[in-house]
$ cat upload_16.txt   # compact mmCIF, C-alpha atoms and all ligand atoms
# COMPACT_ATOMS: atom_id res chain seq x y z
CA MET L 1 -73.95 -80.88 65.32
CA ASN L 2 -73.97 -77.08 65.26
CA LYS L 3 -71.19 -75.13 67.00
CA GLU L 4 -73.44 -73.70 69.71
CA LYS L 5 -74.78 -77.10 70.73
CA GLU L 6 -71.29 -78.60 70.77
CA PHE L 7 -69.98 -75.70 72.89
CA MET L 8 -72.88 -76.04 75.36
CA GLN L 9 -72.26 -79.77 75.70
CA GLU L 10 -68.64 -79.13 76.65
CA LEU L 11 -69.66 -76.50 79.21
CA GLU L 12 -72.18 -78.94 80.67
CA GLN L 13 -69.56 -81.66 81.25
CA ALA L 14 -69.26 -82.48 84.96
CA ASP L 15 -65.47 -82.41 84.65
CA PHE L 16 -65.52 -78.80 83.40
CA HIS L 17 -67.83 -77.67 86.21
CA ASN L 18 -65.88 -79.59 88.87
CA LYS L 19 -62.57 -77.93 87.96
CA TYR L 20 -64.05 -74.45 88.33
CA GLU L 21 -65.85 -75.47 91.53
CA ALA L 22 -62.53 -76.75 92.94
CA ALA L 23 -60.82 -73.48 91.98
CA CYS L 24 -63.53 -71.48 93.79
CA ARG L 25 -63.23 -73.67 96.88
CA LEU L 26 -59.48 -73.23 96.99
CA ILE L 27 -59.87 -69.44 97.05
CA VAL L 28 -62.74 -69.60 99.56
CA ASP L 29 -60.61 -71.78 101.84
CA ARG L 30 -57.76 -69.28 101.65
CA LEU L 31 -60.10 -66.34 102.35
CA GLU L 32 -61.59 -68.13 105.35
CA ARG L 33 -58.15 -68.73 106.81
CA ILE L 34 -57.16 -65.10 106.23
CA ASN L 35 -60.43 -64.01 107.83
CA THR L 36 -59.81 -66.02 111.00
CA GLU L 37 -56.24 -64.77 111.30
CA ILE L 38 -56.85 -61.08 110.57
CA SER L 39 -60.13 -60.87 112.51
CA GLY L 40 -58.11 -62.11 115.51
CA GLU L 41 -55.41 -59.50 114.95
CA LYS L 42 -57.87 -56.64 114.46
CA GLY L 43 -60.26 -57.65 117.25
CA ARG L 44 -63.21 -57.32 114.91
CA LYS L 45 -64.67 -59.26 112.00
CA TYR L 46 -62.62 -58.63 108.87
CA ILE L 47 -64.71 -60.27 106.13
CA LYS L 48 -68.47 -60.33 106.61
CA ASP L 49 -69.42 -62.78 103.83
CA ILE L 50 -67.68 -65.07 101.39
CA GLU L 51 -69.63 -66.61 98.54
CA TYR L 52 -68.88 -68.26 95.24
CA ARG L 53 -70.53 -69.56 92.11
CA VAL L 54 -69.57 -71.28 88.86
CA LYS L 55 -71.04 -69.42 85.88
CA THR L 56 -73.85 -71.39 84.25
CA PRO L 57 -73.33 -72.74 80.71
CA GLU L 58 -76.09 -70.40 79.44
CA SER L 59 -74.41 -67.40 81.02
CA CYS L 60 -71.02 -68.40 79.53
CA LEU L 61 -72.62 -68.79 76.12
CA ASN L 62 -74.33 -65.39 76.33
CA LYS L 63 -71.12 -63.66 77.38
CA MET L 64 -69.12 -65.33 74.59
CA LYS L 65 -71.71 -64.20 72.04
CA LYS L 66 -71.90 -60.68 73.51
CA LYS L 67 -68.12 -60.33 73.29
CA GLY L 68 -68.03 -61.82 69.81
CA TYR L 69 -65.71 -64.73 70.66
CA ALA L 70 -65.67 -67.99 68.70
CA LEU L 71 -67.62 -70.66 70.57
CA LYS L 72 -64.68 -72.86 71.58
CA ILE L 73 -64.00 -74.17 75.06
CA ASP L 74 -60.33 -73.11 75.08
CA ILE L 75 -61.30 -69.59 74.06
CA ALA L 76 -63.90 -69.48 76.86
CA LYS L 77 -61.28 -70.63 79.41
CA ASP L 78 -58.86 -68.01 78.19
CA LYS L 79 -61.18 -65.05 77.65
CA LEU L 80 -63.81 -65.39 80.38
CA ASN L 81 -62.26 -64.29 83.66
CA ASP L 82 -65.25 -65.15 85.77
CA ILE L 83 -66.34 -68.69 85.00
CA ALA L 84 -65.20 -69.21 88.59
CA GLY L 85 -66.30 -66.26 90.70
CA VAL L 86 -65.67 -65.66 94.40
CA ARG L 87 -66.88 -62.65 96.35
CA ALA L 88 -65.67 -61.38 99.70
CA VAL L 89 -67.57 -58.58 101.40
CA CYS L 90 -65.74 -56.51 104.00
CA TYR L 91 -66.99 -53.80 106.33
CA PHE L 92 -64.41 -51.16 105.49
CA LEU L 93 -62.69 -49.69 102.43
CA ASP L 94 -59.13 -50.18 103.72
CA ASP L 95 -59.89 -53.85 104.40
CA VAL L 96 -60.93 -54.31 100.76
CA TYR L 97 -57.56 -53.00 99.56
CA GLN L 98 -55.60 -54.95 102.17
CA LEU L 99 -57.38 -58.11 101.06
CA ALA L 100 -56.68 -57.32 97.40
CA ASP L 101 -52.97 -57.00 98.25
CA LEU L 102 -53.04 -60.32 100.09
CA MET L 103 -54.61 -62.03 97.09
CA ILE L 104 -52.18 -60.42 94.63
CA GLY L 105 -49.18 -61.35 96.75
CA ASN L 106 -50.23 -64.93 97.43
CA HIS L 107 -47.60 -67.24 96.00
CA ASP L 108 -50.02 -70.17 95.72
CA PHE L 109 -51.82 -68.36 92.90
CA GLU L 110 -50.64 -66.77 89.71
CA PHE L 111 -51.71 -63.12 89.59
CA VAL L 112 -53.34 -62.21 86.27
CA LYS L 113 -55.01 -58.79 86.55
CA LEU L 114 -56.38 -56.14 88.91
CA LYS L 115 -59.50 -54.18 88.00
CA ASP L 116 -60.10 -51.33 90.41
CA TYR L 117 -63.68 -50.18 90.00
CA VAL L 118 -63.48 -48.37 93.34
CA LYS L 119 -60.85 -45.93 92.22
CA LYS L 120 -62.62 -45.65 88.87
CA PRO L 121 -66.26 -46.84 89.14
CA LYS L 122 -68.01 -48.12 86.01
CA SER L 123 -70.37 -45.72 84.23
CA SER L 124 -73.27 -47.50 85.98
CA GLY L 125 -71.74 -46.60 89.36
CA TYR L 126 -70.59 -50.18 90.00
CA GLN L 127 -67.78 -50.35 92.55
CA SER L 128 -65.64 -53.36 93.48
CA VAL L 129 -62.03 -54.41 93.29
CA HIS L 130 -61.59 -57.45 91.05
CA VAL L 131 -58.48 -59.57 91.42
CA ILE L 132 -58.11 -62.18 88.71
CA VAL L 133 -55.82 -65.08 89.51
CA LYS L 134 -55.03 -68.54 88.18
CA VAL L 135 -55.00 -71.49 90.54
CA PRO L 136 -53.55 -74.95 89.89
CA ILE L 137 -56.26 -77.60 89.61
CA GLU L 138 -55.15 -81.03 88.43
CA ASP L 139 -53.31 -80.49 85.14
CA GLU L 140 -54.49 -76.92 84.53
CA PHE L 141 -54.26 -73.35 85.76
CA VAL L 142 -57.84 -72.21 86.23
CA LYS L 143 -58.88 -68.55 86.25
CA VAL L 144 -60.85 -67.16 89.16
CA GLU L 145 -62.30 -63.66 89.49
CA ILE L 146 -62.27 -62.53 93.12
CA GLN L 147 -64.67 -59.63 93.67
CA LEU L 148 -63.85 -57.62 96.77
CA ARG L 149 -66.17 -54.91 98.05
CA THR L 150 -67.63 -53.23 101.11
CA ARG L 151 -71.07 -54.09 102.45
CA ALA L 152 -72.39 -50.78 101.11
CA MET L 153 -71.03 -51.51 97.61
CA ASP L 154 -72.49 -55.01 97.82
CA PHE L 155 -75.92 -53.67 98.79
CA TRP L 156 -75.87 -51.42 95.71
CA ALA L 157 -74.46 -54.03 93.30
CA ASP L 158 -76.89 -56.73 94.40
CA ILE L 159 -79.97 -54.59 93.78
CA GLU L 160 -78.65 -53.00 90.58
CA HIS L 161 -77.65 -56.43 89.23
CA HIS L 162 -81.26 -57.62 89.41
CA PHE L 163 -83.05 -54.50 88.23
CA ILE L 164 -80.64 -52.95 85.73
CA TYR L 165 -77.47 -54.91 84.87
CA LYS L 166 -79.14 -58.18 83.99
CA THR L 167 -82.36 -56.83 82.52
CA LYS L 168 -82.54 -55.92 78.90
CA GLU L 169 -85.26 -53.34 79.41
CA VAL L 170 -85.10 -50.17 77.35
CA GLY L 171 -85.96 -46.71 78.63
CA MET L 172 -84.33 -47.27 82.01
CA GLU L 173 -82.23 -44.06 81.91
CA VAL L 174 -84.11 -42.43 84.79
CA PHE L 175 -83.49 -45.44 87.02
CA GLU L 176 -79.86 -45.68 85.91
CA GLN L 177 -79.39 -42.08 87.03
CA GLU L 178 -80.97 -42.90 90.40
CA PHE L 179 -78.54 -45.81 90.84
CA LEU L 180 -75.63 -43.59 89.87
CA LYS L 181 -76.69 -41.07 92.53
CA CYS L 182 -76.89 -43.83 95.15
CA SER L 183 -73.45 -45.08 94.15
CA LYS L 184 -72.02 -41.61 94.80
CA SER L 185 -73.69 -41.52 98.23
CA ILE L 186 -72.21 -44.94 98.96
CA GLN L 187 -68.72 -43.68 98.09
CA LYS L 188 -69.18 -40.92 100.67
CA ILE L 189 -70.60 -43.27 103.30
CA ASP L 190 -67.73 -45.76 102.91
CA LYS L 191 -65.23 -42.94 103.45
CA GLN L 192 -67.15 -41.61 106.45
CA MET L 193 -67.42 -45.05 108.04
CA LEU L 194 -63.70 -45.55 107.68
CA LYS L 195 -63.02 -42.17 109.30
CA ILE L 196 -65.34 -43.01 112.21
CA ARG L 197 -63.65 -46.39 112.74
CA LYS L 198 -60.24 -44.74 112.76
CA LYS L 199 -61.41 -42.16 115.33
CA LEU L 200 -62.86 -44.94 117.50
CA GLU L 201 -59.58 -46.86 117.29
CA ALA L 202 -57.62 -43.73 118.20
CA ALA L 203 -59.91 -43.30 121.21
CA GLY L 204 -59.19 -46.91 122.20
CA VAL L 205 -62.78 -48.08 121.72
CA GLN L 206 -62.96 -51.83 121.07
CA ALA L 207 -65.56 -53.41 118.77
CA TYR L 208 -68.02 -55.45 120.82
CA SER L 209 -68.63 -58.93 119.41
CA MET L 210 -68.30 -57.93 115.75
P1 LIG L 301 -72.61 -61.94 86.20
O1 LIG L 301 -73.95 -62.46 85.88
O2 LIG L 301 -72.63 -61.16 87.48
O3 LIG L 301 -71.57 -63.01 86.21
P2 LIG L 301 -63.42 -58.43 80.78
O4 LIG L 301 -62.87 -58.89 82.11
O5 LIG L 301 -63.17 -56.97 80.54
O6 LIG L 301 -63.00 -59.31 79.67
P3 LIG L 301 -66.08 -58.56 81.90
O7 LIG L 301 -66.10 -59.88 82.59
O8 LIG L 301 -67.37 -58.10 81.27
O9 LIG L 301 -64.98 -58.56 80.78
O10 LIG L 301 -65.57 -57.51 82.96
P4 LIG L 301 -66.26 -56.63 84.03
O11 LIG L 301 -66.92 -55.46 83.41
O12 LIG L 301 -65.17 -56.38 85.01
O13 LIG L 301 -67.44 -57.49 84.70
C1 LIG L 301 -67.19 -58.62 85.51
C2 LIG L 301 -68.33 -58.83 86.46
O14 LIG L 301 -68.46 -57.69 87.34
C3 LIG L 301 -69.71 -58.97 85.85
O15 LIG L 301 -69.87 -60.29 85.39
C4 LIG L 301 -70.60 -58.60 87.03
O16 LIG L 301 -70.68 -59.67 87.96
C5 LIG L 301 -69.82 -57.48 87.67
N1 LIG L 301 -70.25 -56.18 87.10
C6 LIG L 301 -69.63 -55.46 86.14
N2 LIG L 301 -70.29 -54.34 85.86
C7 LIG L 301 -71.37 -54.31 86.68
C8 LIG L 301 -72.44 -53.38 86.87
O17 LIG L 301 -72.55 -52.33 86.23
N3 LIG L 301 -73.38 -53.72 87.81
C9 LIG L 301 -73.30 -54.85 88.55
N4 LIG L 301 -74.26 -55.08 89.46
N5 LIG L 301 -72.30 -55.76 88.39
C10 LIG L 301 -71.36 -55.50 87.47
P5 LIG L 301 -70.94 -60.66 84.27
O18 LIG L 301 -70.50 -61.91 83.63
O19 LIG L 301 -71.16 -59.50 83.34
O20 LIG L 301 -72.29 -60.89 85.03

$ encode --input "upload_16.txt" --output "structure tokens"
Amino acid sequence: MNKEKEFMQELEQADFHNKYEAACRLIVDRLERINTEISGEKGRKYIKDIEYRVKTPESCLNKMKKKGYALKIDIAKDKLNDIAGVRAVCYFLDDVYQLADLMIGNHDFEFVKLKDYVKKPKSSGYQSVHVIVKVPIEDEFVKVEIQLRTRAMDFWADIEHHFIYKTKEVGMEVFEQEFLKCSKSIQKIDKQMLKIRKKLEAAGVQAYSM
């Protein structure tokens, strides 16, 4: 059997998928609990949406090839940070960083790496804070990439993901520039929204049913 077929078969094993699914669920459960607790403290909704996915075998294979890694399951587990991916979308910039700190400091996980694409956006304009952790599932420590972002960043990333990031079209430079411009506007809007919320809080205005 050729190496690619063998690698795909391992990725397609239910046991492989189930471990990564369990790792995602563990993080989602923790985020939901944090959301309930902190939303109560703040008197407003803290996290708007939590979602997760396990990377498909095809997507794992493509990423391994793109990065030039040998097609071996142990190398995939070690090198791919986002086979298990969880995303939490907050309203405000300071909430994103508070949540990142809570994930980094959580003693139930092993902290691996922080990638701050808010402080330093990618050349595309992509913004998010990625916290990579390892969680204990059965006999293994499984990596999970937790993407944390504001709603505005999520709006941008979702659209750009479909039209630019995942397409292999050539001659898209004009559109890439448009997305970059929008990303800069979003940076400004996130800062403005945070300022407005702080002013409202200082004035004692409570969020109604948020
Ligand atoms: P998909 O389909 O979303 O899963 P590294 O950690 O450095 O070894 P990696 O994983 O390429 O390698 O790191 P990076 O650049 O932090 O990207 C991780 C994920 O962030 C990507 O996963 C995307 O989900 C998201 N991302 C990164 N750059 C962009 C971007 O320019 N636009 C959008 N919309 N999303 C981005 P995948 O596996 O590449 O894709």

$ closest_atom_pairs --input "upload_16.txt" --of "chain L" --to "ligand LIG 301 (chain L)" --cutoff "10 Å" --atoms "only C-alpha atoms and all ligand atoms" --output "Markdown table"
| residue | atom | partner | partner_atom | distance |
| --- | --- | --- | --- | --- |
| L:Arg53 | CA | L:LIG301 | O3 | 8.9 |
| L:Val54 | CA | L:LIG301 | O3 | 8.9 |
| L:Lys55 | CA | L:LIG301 | O3 | 6.4 |
| L:Thr56 | CA | L:LIG301 | O3 | 8.9 |
| L:Ser59 | CA | L:LIG301 | O1 | 6.9 |
| L:Cys60 | CA | L:LIG301 | O18 | 7.7 |
| L:Asn62 | CA | L:LIG301 | O18 | 8.9 |
| L:Lys63 | CA | L:LIG301 | O18 | 6.5 |
| L:Met64 | CA | L:LIG301 | O18 | 9.8 |
| L:Lys66 | CA | L:LIG301 | O8 | 9.3 |
| L:Lys67 | CA | L:LIG301 | O6 | 8.2 |
| L:Asp78 | CA | L:LIG301 | O6 | 9.7 |
| L:Lys79 | CA | L:LIG301 | O6 | 6.4 |
| L:Leu80 | CA | L:LIG301 | O6 | 6.2 |
| L:Asn81 | CA | L:LIG301 | O4 | 5.7 |
| L:Asp82 | CA | L:LIG301 | O7 | 6.2 |
| L:Ile83 | CA | L:LIG301 | O3 | 7.8 |
| L:Ala84 | CA | L:LIG301 | O3 | 9.2 |
| L:Gly85 | CA | L:LIG301 | O3 | 7.6 |
| L:Arg87 | CA | L:LIG301 | O16 | 9.7 |
| L:Lys113 | CA | L:LIG301 | O4 | 9.0 |
| L:Leu114 | CA | L:LIG301 | O12 | 9.6 |
| L:Lys115 | CA | L:LIG301 | O12 | 6.8 |
| L:Asp116 | CA | L:LIG301 | O12 | 9.0 |
| L:Tyr117 | CA | L:LIG301 | O12 | 8.1 |
| L:Pro121 | CA | L:LIG301 | O17 | 8.8 |
| L:Lys122 | CA | L:LIG301 | O17 | 6.2 |
| L:Ser123 | CA | L:LIG301 | O17 | 7.2 |
| L:Ser124 | CA | L:LIG301 | O17 | 4.9 |
| L:Gly125 | CA | L:LIG301 | O17 | 6.6 |
| L:Tyr126 | CA | L:LIG301 | O17 | 4.8 |
| L:Gln127 | CA | L:LIG301 | C7 | 7.9 |
| L:Ser128 | CA | L:LIG301 | O14 | 8.0 |
| L:Val129 | CA | L:LIG301 | O12 | 9.1 |
| L:His130 | CA | L:LIG301 | O12 | 7.1 |
| L:Val131 | CA | L:LIG301 | O12 | 9.8 |
| L:Ile132 | CA | L:LIG301 | O4 | 8.8 |
| L:Glu145 | CA | L:LIG301 | C1 | 8.1 |
| L:Ile146 | CA | L:LIG301 | C2 | 9.7 |
| L:Gln147 | CA | L:LIG301 | O14 | 7.6 |
| L:Met153 | CA | L:LIG301 | N4 | 9.5 |
| L:Asp154 | CA | L:LIG301 | N4 | 8.5 |
| L:Phe155 | CA | L:LIG301 | N4 | 9.6 |
| L:Trp156 | CA | L:LIG301 | N4 | 7.4 |
| L:Ala157 | CA | L:LIG301 | N4 | 4.0 |
| L:Asp158 | CA | L:LIG301 | N4 | 5.8 |
| L:Ile159 | CA | L:LIG301 | N4 | 7.2 |
| L:Glu160 | CA | L:LIG301 | N4 | 5.0 |
| L:His161 | CA | L:LIG301 | N4 | 3.7 |
| L:His162 | CA | L:LIG301 | N4 | 7.4 |
| L:Phe163 | CA | L:LIG301 | N4 | 8.9 |
| L:Ile164 | CA | L:LIG301 | N3 | 7.6 |
| L:Tyr165 | CA | L:LIG301 | N3 | 5.2 |
| L:Lys166 | CA | L:LIG301 | O1 | 7.0 |
| L:Glu176 | CA | L:LIG301 | O17 | 9.9 |
| L:Phe179 | CA | L:LIG301 | N3 | 9.9 |
| L:Leu180 | CA | L:LIG301 | O17 | 10.0 |

$ axis_aligned_box --input "upload_16.txt" --around "segment 156-165 of chain L" --padding-each-side "6 Å" --output "lines of an AutoDock Vina configuration file"
center_x = -78.8
center_y = -54.5
center_z = 90.3
size_x = 20.6
size_y = 18.2
size_z = 22.8

$ closest_residue --input "upload_16.txt" --among "L:Arg151, L:Glu140, L:Gly171, L:Lys72" --to "Cys90 of chain L" --atoms "only C-alpha atoms"
L:Arg151

$ closest_residue --input "upload_16.txt" --among "L:Met210, L:Ala70, L:Leu26, L:Ile75" --to "Pro136 of chain L" --atoms "only C-alpha atoms"
L:Leu26

$ closest_residue --input "upload_16.txt" --among "L:Asp101, L:Asp108, L:Asp139, L:Asp94" --to "Ile27 of chain L" --atoms "all atoms listed in the file"
L:Asp108

$ atom_distance --input "upload_16.txt" --atom1 "atom CA of Ala203 of chain L" --atom2 "atom CA of Leu102 of chain L"
28.0 Å

$ closest_residue --input "upload_16.txt" --among "L:Lys19, L:Lys120, L:Lys198, L:Lys191" --to "Leu93 of chain L" --atoms "all atoms listed in the file"
L:Lys191

$ closest_residue --input "upload_16.txt" --among "L:Ala152, L:Ala207, L:Ile47, L:Val89" --to "Ile189 of chain L" --atoms "all atoms listed in the file"
L:Ala152
